[in-house]
>>> print(open('query.cif').read())   # mmCIF, C-alpha atoms
data_protein
loop_
_atom_site.label_atom_id
_atom_site.label_comp_id
_atom_site.auth_asym_id
_atom_site.auth_seq_id
_atom_site.Cartn_x
_atom_site.Cartn_y
_atom_site.Cartn_z
CA MET L 1 -22.26 1.57 14.23
CA VAL L 2 -20.41 0.15 11.23
CA THR L 3 -16.96 1.40 10.21
CA SER L 4 -15.24 0.68 6.94
CA ARG L 5 -12.66 1.67 4.39
CA PRO L 6 -14.01 4.02 1.68
CA TRP L 7 -14.25 1.19 -0.88
CA ALA L 8 -16.86 -0.59 1.27
CA THR L 9 -19.04 2.44 1.99
CA GLY L 10 -21.34 1.90 -0.97
CA MET L 11 -21.81 -1.76 -0.08
CA PHE L 12 -22.80 -0.94 3.49
CA LEU L 13 -25.15 1.86 2.46
CA GLU L 14 -26.90 -0.46 0.03
CA HIS L 15 -27.07 -3.43 2.38
CA TYR L 16 -28.14 -1.50 5.48
CA LYS L 17 -30.01 1.37 3.83
CA HIS L 18 -33.06 0.90 6.06
CA ARG L 19 -31.02 0.60 9.25
CA LEU L 20 -28.24 3.17 8.89
CA LEU L 21 -29.46 6.54 10.10
CA GLN L 22 -26.34 8.55 9.35
CA HIS L 23 -23.29 8.34 7.14
CA ILE L 24 -20.30 10.07 8.73
CA GLU L 25 -16.84 10.45 7.23
CA ILE L 26 -13.82 11.36 9.35
CA MET L 27 -11.90 13.83 7.24
CA GLY L 28 -8.59 13.61 9.09
CA PHE L 29 -5.82 16.19 8.80
CA THR L 30 -6.02 19.06 6.36
CA THR L 31 -2.91 20.21 4.50
CA GLN L 32 -2.42 22.95 7.07
CA GLN L 33 -2.78 20.52 9.97
CA ILE L 34 -0.21 18.15 8.46
CA SER L 35 2.22 21.06 8.27
CA GLU L 36 1.46 22.05 11.86
CA TYR L 37 1.97 18.49 13.06
CA ILE L 38 5.36 18.21 11.34
CA LYS L 39 6.46 21.54 12.84
CA SER L 40 5.36 20.45 16.31
CA ALA L 41 7.16 17.10 16.07
CA LEU L 42 10.51 18.16 14.60
CA PRO L 43 13.09 20.94 14.99
CA GLN L 44 12.64 23.81 12.56
CA GLY L 45 15.31 22.72 10.08
CA GLU L 46 14.18 19.10 9.96
CA ALA L 47 10.52 20.12 9.74
CA LYS L 48 11.26 22.29 6.71
CA ASP L 49 13.22 19.46 5.10
CA LEU L 50 10.45 16.89 5.65
CA GLU L 51 7.72 19.28 4.44
CA SER L 52 9.65 19.88 1.25
CA TYR L 53 10.13 16.16 0.77
CA VAL L 54 6.51 15.07 1.23
CA LYS L 55 5.24 17.98 -0.85
CA ASN L 56 6.96 16.44 -3.87
CA ARG L 57 5.99 12.86 -2.98
CA PRO L 58 2.18 12.52 -3.34
CA PRO L 59 2.22 8.76 -2.52
CA ILE L 60 3.67 9.65 0.90
CA ARG L 61 1.84 12.95 1.29
CA GLY L 62 -1.46 11.37 0.27
CA CYS L 63 -1.57 9.03 3.26
CA MET L 64 -0.74 11.70 5.85
CA TYR L 65 -4.29 12.99 6.21
CA ILE L 66 -4.65 10.05 8.60
CA PRO L 67 -3.00 11.28 11.84
CA LEU L 68 -1.42 7.89 12.52
CA ASN L 69 0.26 7.94 9.11
CA SER L 70 1.61 11.42 9.80
CA ALA L 71 3.18 10.05 12.97
CA ILE L 72 4.57 7.12 10.97
CA VAL L 73 6.18 9.41 8.39
CA VAL L 74 7.79 11.53 11.12
CA THR L 75 9.06 8.42 12.94
CA VAL L 76 10.58 6.97 9.77
CA TYR L 77 12.09 10.35 8.87
CA GLN L 78 13.80 10.59 12.26
CA ASP L 79 15.14 7.05 11.96
CA ARG L 80 16.45 7.62 8.43
CA GLN L 81 18.09 10.88 9.46
CA ALA L 82 19.94 9.06 12.23
CA SER L 83 20.99 6.14 10.03
CA GLY L 84 21.73 8.12 6.89
CA CYS L 85 19.46 5.88 4.81
CA PRO L 86 17.35 7.38 2.00
CA LEU L 87 13.76 8.31 2.73
CA PRO L 88 10.99 6.04 1.42
CA THR L 89 9.21 6.97 -1.79
CA THR L 90 6.46 4.35 -1.87
CA LEU L 91 3.85 3.06 0.54
CA THR L 92 5.64 -0.31 0.64
CA GLU L 93 8.96 1.29 1.53
CA LEU L 94 7.28 3.40 4.23
CA TYR L 95 5.64 0.47 6.01
CA THR L 96 8.69 -1.75 5.55
CA ALA L 97 10.80 0.88 7.29
CA LEU L 98 8.27 1.28 10.09
CA ALA L 99 7.92 -2.48 10.59
CA GLN L 100 11.70 -2.72 10.96
CA ILE L 101 11.79 0.19 13.43
CA LEU L 102 9.02 -1.27 15.61
CA LEU L 103 10.55 -4.73 15.50
CA VAL L 104 13.94 -3.39 16.62
CA ARG L 105 12.29 -1.45 19.45
CA TYR L 106 10.42 -4.54 20.61
CA LEU L 107 13.55 -6.69 20.56
CA ARG L 108 15.47 -4.11 22.57
CA GLY L 109 12.85 -4.56 25.26
CA HIS L 110 13.23 -8.34 25.01
CA PRO L 111 17.00 -8.91 24.80
CA GLU L 112 16.54 -12.66 25.27
CA LEU L 113 15.02 -12.76 21.76
CA GLU L 114 17.71 -10.66 20.12
CA LYS L 115 20.95 -11.76 21.74
CA GLY L 116 23.09 -14.01 19.59
CA SER L 117 20.39 -14.40 16.96
CA GLN L 118 21.11 -14.11 13.26
CA CYS L 119 18.67 -12.24 11.06
CA ILE L 120 16.90 -13.56 8.00
CA GLY L 121 15.87 -11.24 5.19
CA ILE L 122 12.15 -11.73 4.65
CA PHE L 123 12.59 -9.44 1.67
CA LYS L 124 14.70 -6.38 0.90
CA ASP L 125 15.07 -4.06 3.93
CA LEU L 126 13.07 -6.25 6.33
CA LEU L 127 15.27 -8.39 8.58
CA VAL L 128 13.79 -10.71 11.21
CA PRO L 129 15.93 -12.48 13.85
CA CYS L 130 15.78 -16.27 13.62
CA ARG L 131 14.42 -16.59 17.15
CA VAL L 132 11.24 -14.73 16.26
CA GLN L 133 10.88 -15.89 12.67
CA THR L 134 8.16 -18.40 13.58
CA ASN L 135 6.22 -15.76 15.52
CA PHE L 136 6.60 -13.32 12.65
CA ALA L 137 5.31 -15.89 10.16
CA GLU L 138 2.31 -16.61 12.41
CA LEU L 139 1.62 -12.88 12.70
CA CYS L 140 1.57 -12.53 8.90
CA LYS L 141 -0.62 -15.60 8.51
CA LEU L 142 -3.09 -14.23 11.07
CA ALA L 143 -3.22 -10.92 9.20
CA TYR L 144 -3.89 -12.77 5.96
CA LYS L 145 -6.63 -14.86 7.52
CA GLY L 146 -8.37 -11.70 8.72
CA ILE L 147 -8.23 -10.03 5.30
CA VAL L 148 -8.88 -13.02 3.04
CA GLY L 149 -11.12 -15.15 5.22
CA GLU L 150 -14.09 -17.26 4.27
CA SER L 151 -16.53 -14.43 4.94
CA ASN L 152 -16.78 -11.30 2.81
CA GLN L 153 -15.84 -9.09 5.74
CA VAL L 154 -12.43 -8.14 7.05
CA GLN L 155 -11.76 -9.53 10.52
CA LEU L 156 -10.16 -6.88 12.70
CA ILE L 157 -10.53 -8.45 16.15
CA PHE L 158 -9.20 -11.87 17.09
CA LYS L 159 -10.21 -13.90 20.12
CA GLU L 160 -7.62 -15.52 22.34
CA SER L 161 -8.74 -18.93 21.08
CA GLU L 162 -7.93 -17.92 17.48
CA LEU L 163 -4.27 -17.27 18.24
CA PRO L 164 -1.58 -19.97 18.00
CA ALA L 165 -0.19 -21.39 21.23
CA ASP L 166 2.57 -19.25 22.77
CA PHE L 167 1.79 -16.52 20.25
CA ASP L 168 3.92 -13.35 20.47
CA ASN L 169 2.60 -10.40 18.47
CA LEU L 170 6.05 -8.74 18.54
CA GLY L 171 4.48 -5.41 19.44
CA PHE L 172 2.35 -5.14 16.29
CA MET L 173 -0.99 -5.80 18.01
CA ASP L 174 -3.00 -4.33 20.86
CA SER L 175 -4.65 -6.54 23.46
CA VAL L 176 -7.80 -5.71 25.39
CA THR L 177 -9.06 -7.65 28.41
CA GLU L 178 -12.71 -7.29 29.42
CA LEU L 179 -14.40 -8.59 32.56
CA TYR L 180 -17.84 -10.21 32.28
CA VAL L 181 -19.97 -11.36 35.19
CA THR L 182 -20.90 -14.65 33.53
CA ARG L 183 -17.80 -15.39 31.43
CA GLY L 184 -15.02 -13.90 33.52
CA THR L 185 -12.13 -12.22 31.69
CA VAL L 186 -12.13 -12.27 27.89
CA SER L 187 -9.13 -11.09 25.85
CA SER L 188 -9.23 -9.83 22.28
CA HIS L 189 -6.44 -8.71 19.97
CA ASN L 190 -6.18 -6.40 16.97
CA PHE L 191 -3.43 -4.99 14.77
CA LEU L 192 -2.25 -1.46 15.53
CA HIS L 193 -4.02 -0.30 12.36
CA LEU L 194 -5.74 -1.96 9.42
CA THR L 195 -2.87 -0.90 7.13
CA PHE L 196 -0.46 -2.92 9.30
CA GLN L 197 -2.72 -5.93 8.89
CA GLU L 198 -2.80 -5.39 5.12
CA PHE L 199 0.99 -5.07 5.00
CA PHE L 200 1.56 -8.30 6.92
CA ALA L 201 -1.06 -10.08 4.81
CA ALA L 202 0.94 -9.06 1.74
CA VAL L 203 4.13 -10.37 3.36
CA HIS L 204 2.38 -13.72 3.90
CA ILE L 205 1.26 -13.90 0.25
CA SER L 206 4.82 -13.09 -0.85
CA THR L 207 5.99 -16.36 0.75
CA MET L 208 3.63 -18.36 -1.48
CA SER L 209 4.52 -19.80 -4.87
CA PRO L 210 4.46 -17.47 -7.90
CA ALA L 211 1.33 -19.28 -9.12
CA ASP L 212 -0.50 -18.57 -5.85
CA GLN L 213 0.67 -14.95 -5.87
CA LEU L 214 -0.73 -14.63 -9.37
CA VAL L 215 -4.10 -15.96 -8.19
CA HIS L 216 -4.28 -13.15 -5.64
CA PHE L 217 -3.43 -10.48 -8.22
CA GLN L 218 -6.25 -11.84 -10.37
CA LYS L 219 -8.64 -10.98 -7.52
CA HIS L 220 -7.85 -7.28 -7.87
CA GLU L 221 -11.52 -6.32 -8.08
CA ASP L 222 -12.04 -7.48 -4.47
CA GLY L 223 -11.91 -4.23 -2.50
CA ARG L 224 -10.50 -6.01 0.54
CA LEU L 225 -7.29 -6.64 -1.41
CA ASN L 226 -6.81 -3.14 -2.79
CA VAL L 227 -4.06 -2.05 -0.38
CA VAL L 228 -2.79 -5.62 0.10
CA LEU L 229 -2.02 -6.00 -3.60
CA ARG L 230 -0.29 -2.64 -3.70
CA PHE L 231 2.00 -3.84 -0.92
CA LEU L 232 2.43 -7.20 -2.64
CA ALA L 233 3.50 -5.47 -5.85
CA GLY L 234 6.11 -3.50 -3.93
CA ILE L 235 7.40 -6.53 -2.04
CA THR L 236 7.58 -8.98 -4.96
CA LYS L 237 8.23 -6.47 -7.78
CA LEU L 238 5.44 -8.29 -9.66
CA SER L 239 7.89 -11.12 -10.30
CA CYS L 240 5.16 -13.78 -10.31
CA PHE L 241 4.01 -12.66 -13.77
CA SER L 242 7.38 -13.28 -15.41
CA SER L 243 7.88 -16.48 -13.39
CA GLU L 244 4.59 -17.84 -14.67
CA GLY L 245 5.08 -16.46 -18.19
CA ALA L 246 1.94 -14.36 -17.77
CA SER L 247 1.03 -10.93 -19.13
CA ILE L 248 0.02 -8.53 -16.38
CA THR L 249 -2.64 -6.89 -18.55
CA SER L 250 -4.25 -10.02 -19.97
CA GLN L 251 -4.13 -11.90 -16.65
CA CYS L 252 -5.52 -9.15 -14.44
CA PHE L 253 -7.44 -6.74 -16.60
CA THR L 254 -9.96 -8.23 -19.00
CA GLY L 255 -10.39 -6.32 -22.21
CA GLY L 256 -6.85 -5.07 -21.76
CA HIS L 257 -5.97 -5.17 -25.46
CA TYR L 258 -7.35 -2.65 -27.93
CA SER L 259 -6.28 -3.83 -31.37
CA HIS L 260 -7.51 -0.71 -33.18
CA GLU L 261 -6.95 2.06 -30.64
CA CYS L 262 -3.77 0.86 -28.96
CA ASP L 263 -1.65 -2.14 -28.10
CA ILE L 264 -2.14 -2.22 -24.31
CA ALA L 265 -4.63 -0.68 -21.88
CA VAL L 266 -3.88 0.03 -18.22
CA ASN L 267 -5.72 1.71 -15.35
CA SER L 268 -4.72 3.54 -12.18
CA GLN L 269 -4.57 0.36 -10.10
CA LEU L 270 -2.02 -1.24 -12.42
CA VAL L 271 -0.05 2.01 -12.65
CA ASN L 272 0.18 2.11 -8.84
CA TRP L 273 1.35 -1.50 -8.74
CA MET L 274 4.13 -0.70 -11.20
CA PHE L 275 5.09 2.44 -9.28
CA GLU L 276 5.41 0.44 -6.05
CA THR L 277 8.02 -1.79 -7.71
CA GLN L 278 10.18 1.29 -8.45
CA SER L 279 11.21 -0.49 -11.63
CA LYS L 280 13.30 1.54 -14.05
CA ASN L 281 11.89 -0.54 -16.90
CA VAL L 282 8.10 -0.36 -16.87
CA SER L 283 8.04 -1.74 -20.41
CA ALA L 284 9.43 -5.02 -19.09
CA LEU L 285 6.69 -5.21 -16.46
CA LEU L 286 4.17 -4.86 -19.28
CA ASN L 287 6.00 -7.62 -21.15
CA VAL L 288 7.08 -5.22 -23.90
CA LYS L 289 10.34 -6.53 -25.32
CA HIS L 290 13.06 -4.09 -26.33
CA GLY L 291 13.28 -3.52 -30.06
CA THR L 292 9.68 -4.42 -30.86
CA GLY L 293 8.95 -0.86 -31.94
CA PRO L 294 6.87 1.83 -30.24
CA LEU L 295 3.72 0.52 -28.59
CA THR L 296 0.76 2.67 -27.64
CA ILE L 297 -0.69 2.39 -24.14
CA LYS L 298 -4.16 3.66 -23.43
CA PHE L 299 -4.58 4.88 -19.86
CA LYS L 300 -8.06 4.81 -18.34
CA GLY L 301 -7.98 6.47 -14.95
CA GLY L 302 -11.50 6.59 -13.61
CA MET L 303 -13.42 9.28 -11.75
CA SER L 304 -11.60 8.90 -8.42
CA MET L 305 -8.06 9.68 -9.58
CA LEU L 306 -5.99 11.04 -6.69
CA PRO L 307 -2.75 13.07 -6.77
CA MET L 308 -0.75 9.91 -5.99
CA ASP L 309 -2.33 8.23 -9.04
CA TYR L 310 -1.14 11.02 -11.33
CA TYR L 311 2.33 10.88 -9.77
CA SER L 312 2.48 7.12 -10.36
CA LEU L 313 1.30 7.65 -13.93
CA GLY L 314 4.05 10.18 -14.57
CA TYR L 315 6.63 7.77 -13.17
CA CYS L 316 5.43 4.92 -15.39
CA ILE L 317 5.38 7.08 -18.52
CA ALA L 318 8.94 8.26 -17.86
CA HIS L 319 10.26 4.77 -17.17
CA SER L 320 8.83 3.09 -20.25
CA GLU L 321 9.65 3.10 -23.94
CA CYS L 322 6.04 3.36 -25.00
CA GLN L 323 3.64 5.97 -26.31
CA TRP L 324 0.78 6.84 -23.97
CA VAL L 325 -2.71 8.06 -24.81
CA LEU L 326 -4.70 9.49 -21.90
CA ASP L 327 -8.46 8.96 -21.93
CA MET L 328 -9.87 12.38 -21.03
CA CYS L 329 -13.40 10.98 -20.77
CA GLU L 330 -12.35 9.38 -17.50
CA LEU L 331 -9.74 11.82 -16.19
CA HIS L 332 -12.31 14.13 -14.60
CA THR L 333 -9.87 15.44 -11.99
CA LEU L 334 -7.12 16.41 -14.45
CA ASP L 335 -6.36 20.10 -13.99
CA ARG L 336 -3.26 22.29 -13.90
CA GLU L 337 -2.25 21.07 -10.43
CA MET L 338 -2.63 17.40 -11.39
CA ILE L 339 -0.61 17.96 -14.58
CA GLU L 340 2.21 19.40 -12.46
CA ILE L 341 2.07 16.34 -10.21
CA LEU L 342 2.17 14.05 -13.25
CA VAL L 343 5.28 15.89 -14.50
CA ASN L 344 6.89 15.66 -11.04
CA GLY L 345 6.35 11.90 -11.12
CA ALA L 346 8.23 11.74 -14.41
CA GLU L 347 11.27 13.35 -12.73
CA LEU L 348 12.41 14.77 -16.08
CA ARG L 349 14.52 11.85 -17.23
CA SER L 350 17.14 12.82 -19.77
CA ASP L 351 17.46 9.41 -21.43
CA THR L 352 14.99 7.68 -23.74
CA CYS L 353 11.62 7.32 -22.10
CA GLY L 354 7.93 7.11 -22.79
CA ARG L 355 5.87 10.07 -23.87
CA VAL L 356 2.28 11.21 -24.05
CA VAL L 357 1.30 11.33 -27.71
CA GLY L 358 -2.33 12.29 -27.40
CA PHE L 359 -5.53 12.76 -25.48
CA ILE L 360 -8.88 11.29 -26.44
CA GLY L 361 -12.38 12.10 -25.32
#
>>> encode(input="query.cif", output="structure tokens")
Amino acid sequence: MVTSRPWATGMFLEHYKHRLLQHIEIMGFTTQQISEYIKSALPQGEAKDLESYVKNRPPIRGCMYIPLNSAIVVTVYQDRQASGCPLPTTLTELYTALAQILLVRYLRGHPELEKGSQCIGIFKDLLVPCRVQTNFAELCKLAYKGIVGESNQVQLIFKESELPADFDNLGFMDSVTELYVTRGTVSSHNFLHLTFQEFFAAVHISTMSPADQLVHFQKHEDGRLNVVLRFLAGITKLSCFSSEGASITSQCFTGGHYSHECDIAVNSQLVNWMFETQSKNVSALLNVKHGTGPLTIKFKGGMSMLPMDYYSLGYCIAHSECQWVLDMCELHTLDREMIEILVNGAELRSDTCGRVVGFIG
């Protein structure tokens, strides 16, 4: 049996087409089941509040078909209700909040690690006590090694011998011990979920130089890095491009300039990166300087556009000073519902913002 993320399905089917007898997809929660789960986990008033919130936040709602992610959203909601902090709006904010919650819980169970220890901000909203900073860095490095290793496959399981000496997973990994007649006991370790591993891999990359971060963004076509780069965009705010004096479109997306049709071309992946930054000036991310006049952006979505992609697109349009042209030849999933989601992403800004000036195709 081979399991994979959706992006790798085609590769496995092609490579093992004579050996794979069945292709099975776990569908996860339906919309109704997500609602039922929220109602079973929270009091009536809070359940209604959370349902209303996620309904208007496709990036959060879109990940909840995975039962674990539904549990994560509920956990973060409960924590934010208690602390009075705002709810997350992006995938990066969601996993940052959860990482902080789990880290605090772990430290409460290990007071010797927490007592009298100052915290260091790894990045905004993620604080790690000095006493566990080394362990946390090793955890992130291990996650990175598993995602971006020498092989073309993601490493999910780590042997005891692959872990650093005196390694403490800080509660972010599971450990399994098996007994063999010939080898005795053998321990293996894995992250609580692949998305955790991808998040910590992104944290590790964020500690690298801007030039090295840029190298990783340039590998955006590698499916293994799809979620990692989304997290990295949210963590670093895509700052490596400005630090290196690089254009995000020319560096990452070849053929990104259309001299006759438009000034800049973007796709759903880039739009999601920009959404994760929560920048109020998308034009600056695209290296469009204020006062240069209206520029036209051509958006090419692709056949697999999801609700969260349309929401991100709406956000980017509203927070730019550019004209946008949507390529209808590729927006196969654009219907009335998706248009409403796109408008919701725009949040009806009252000040000067970007606008859709046409459709082609």
>>> resolve_selection(input="query.cif", expression="the PyMOL selection byres ((chain L and resi 190) around 8)", output="list in words")
Leu156, Ile157, Phe158, Met173, Asp174, Ser175, Ser188, His189, Phe191, Leu192 and His193 of chain L
>>> residues_around(input="query.cif", residues="Asn56 of chain L", least_positions_apart="3", cutoff="12 Å", atoms="all atoms listed in the file", output="ChimeraX atom specification")
/L:49-53,59-62,89,307-308,311,340-347
>>> atom_distance(input="query.cif", atom1="atom CA of Arg57 of chain L", atom2="atom CA of Ser283 of chain L")
22.8 Å
>>> residues_around(input="query.cif", residues="Leu306 of chain L", least_positions_apart="3", cutoff="9 Å", atoms="all atoms listed in the file", output="list in words")
Pro58, Gly62, Asp309, Tyr310, Tyr311, Thr333 and Met338 of chain L
>>> closest_residue(input="query.cif", among="L:Val104, L:Leu334, L:Ile26, L:Ala246", to="Ser304 of chain L", atoms="only C-alpha atoms")
L:Leu334
>>> atom_distance(input="query.cif", atom1="atom CA of Phe199 of chain L", atom2="atom CA of His216 of chain L")
14.4 Å
>>> atom_distance(input="query.cif", atom1="atom CA of Val181 of chain L", atom2="atom CA of Glu162 of chain L")
22.4 Å
>>> residues_around(input="query.cif", residues="segment 228-235 of chain L", least_positions_apart="6", cutoff="6 Å", atoms="only C-alpha atoms", output="PyMOL selection string")
chain L and resi 92+198+202+273+276-277
>>> write_last_selection(input="query.cif", atoms="C-alpha atoms", output="PDB file, in the coordinates of the input")
ATOM      1  CA  THR L  92       5.640  -0.310   0.640  1.00  0.00           C
ATOM      2  CA  GLU L 198      -2.800  -5.390   5.120  1.00  0.00           C
ATOM      3  CA  ALA L 202       0.940  -9.060   1.740  1.00  0.00           C
ATOM      4  CA  TRP L 273       1.350  -1.500  -8.740  1.00  0.00           C
ATOM      5  CA  GLU L 276       5.410   0.440  -6.050  1.00  0.00           C
ATOM      6  CA  THR L 277       8.020  -1.790  -7.710  1.00  0.00           C
TER       7      THR L 277
END
>>> resolve_selection(input="query.cif", expression="the PyMOL selection byres ((chain L and resi 155) around 10)", output="list in words")
Leu142, Ala143, Tyr144, Lys145, Gly146, Ile147, Val148, Gly149, Ser151, Asn152, Gln153, Val154, Leu156, Ile157, Phe158, Asn190, Leu194 and Gln197 of chain L
>>> residues_near_point(input="query.cif", point="(9.2, -14.4, -13.3)", cutoff="12 Å", atoms="all atoms listed in the file", output="list in words")
Ser209, Pro210, Ala211, Gln213, Leu214, Thr236, Lys237, Leu238, Ser239, Cys240, Phe241, Ser242, Ser243, Glu244, Gly245, Ala246, Ser247, Ile248, Ala284, Leu285 and Asn287 of chain L
>>> axis_aligned_box(input="query.cif", around="segment 143-155 of chain L", padding_each_side="3 Å", output="lines of an AutoDock Vina configuration file")
center_x = -10.0
center_y = -12.7
center_z = 6.7
size_x = 19.6
size_y = 15.1
size_z = 13.7
>>> build_atoms(input="query.cif", residues="segment 172-189 of chain L", atoms="N, CA, C and O atoms", output="compact mmCIF listing (two decimals), keeping the file's coordinate frame")
# COMPACT_ATOMS: atom_id res chain seq x y z
N PHE L 172 3.13 -5.65 17.42
CA PHE L 172 2.35 -5.14 16.29
C PHE L 172 0.84 -5.23 16.52
O PHE L 172 0.06 -4.90 15.63
N MET L 173 0.43 -5.69 17.70
CA MET L 173 -0.99 -5.80 18.01
C MET L 173 -1.28 -5.22 19.38
O MET L 173 -0.40 -5.17 20.25
N ASP L 174 -2.51 -4.77 19.55
CA ASP L 174 -3.00 -4.33 20.86
C ASP L 174 -3.84 -5.45 21.46
O ASP L 174 -4.50 -6.21 20.73
N SER L 175 -3.84 -5.54 22.77
CA SER L 175 -4.65 -6.54 23.46
C SER L 175 -5.57 -5.84 24.45
O SER L 175 -5.15 -4.90 25.14
N VAL L 176 -6.80 -6.28 24.49
CA VAL L 176 -7.80 -5.71 25.39
C VAL L 176 -8.42 -6.84 26.21
O VAL L 176 -8.84 -7.85 25.65
N THR L 177 -8.45 -6.66 27.52
CA THR L 177 -9.06 -7.65 28.41
C THR L 177 -10.31 -7.06 29.03
O THR L 177 -10.27 -5.97 29.61
N GLU L 178 -11.43 -7.75 28.88
CA GLU L 178 -12.71 -7.29 29.42
C GLU L 178 -13.21 -8.28 30.47
O GLU L 178 -13.00 -9.49 30.35
N LEU L 179 -13.88 -7.76 31.47
CA LEU L 179 -14.40 -8.59 32.56
C LEU L 179 -15.91 -8.70 32.45
O LEU L 179 -16.62 -7.69 32.41
N TYR L 180 -16.41 -9.95 32.35
CA TYR L 180 -17.84 -10.21 32.28
C TYR L 180 -18.27 -10.99 33.52
O TYR L 180 -17.52 -11.84 34.02
N VAL L 181 -19.47 -10.70 33.98
CA VAL L 181 -19.97 -11.36 35.19
C VAL L 181 -20.12 -12.85 34.96
O VAL L 181 -19.77 -13.68 35.81
N THR L 182 -20.61 -13.23 33.79
CA THR L 182 -20.90 -14.65 33.53
C THR L 182 -19.72 -15.40 32.93
O THR L 182 -19.55 -16.59 33.16
N ARG L 183 -18.89 -14.70 32.15
CA ARG L 183 -17.80 -15.39 31.43
C ARG L 183 -16.41 -15.13 32.01
O ARG L 183 -15.43 -15.71 31.57
N GLY L 184 -16.33 -14.23 32.97
CA GLY L 184 -15.02 -13.90 33.52
C GLY L 184 -14.26 -12.98 32.58
O GLY L 184 -14.85 -12.17 31.86
N THR L 185 -12.94 -13.09 32.55
CA THR L 185 -12.13 -12.22 31.69
C THR L 185 -12.05 -12.79 30.27
O THR L 185 -11.87 -13.99 30.08
N VAL L 186 -12.21 -11.90 29.30
CA VAL L 186 -12.13 -12.27 27.89
C VAL L 186 -11.14 -11.33 27.21
O VAL L 186 -11.27 -10.11 27.31
N SER L 187 -10.15 -11.90 26.53
CA SER L 187 -9.13 -11.09 25.85
C SER L 187 -9.37 -11.09 24.35
O SER L 187 -9.74 -12.11 23.76
N SER L 188 -9.15 -9.95 23.74
CA SER L 188 -9.23 -9.83 22.28
C SER L 188 -8.00 -9.08 21.79
O SER L 188 -7.36 -8.33 22.54
N HIS L 189 -7.67 -9.28 20.52
CA HIS L 189 -6.44 -8.71 19.97
C HIS L 189 -6.72 -8.12 18.59
O HIS L 189 -7.52 -8.64 17.83
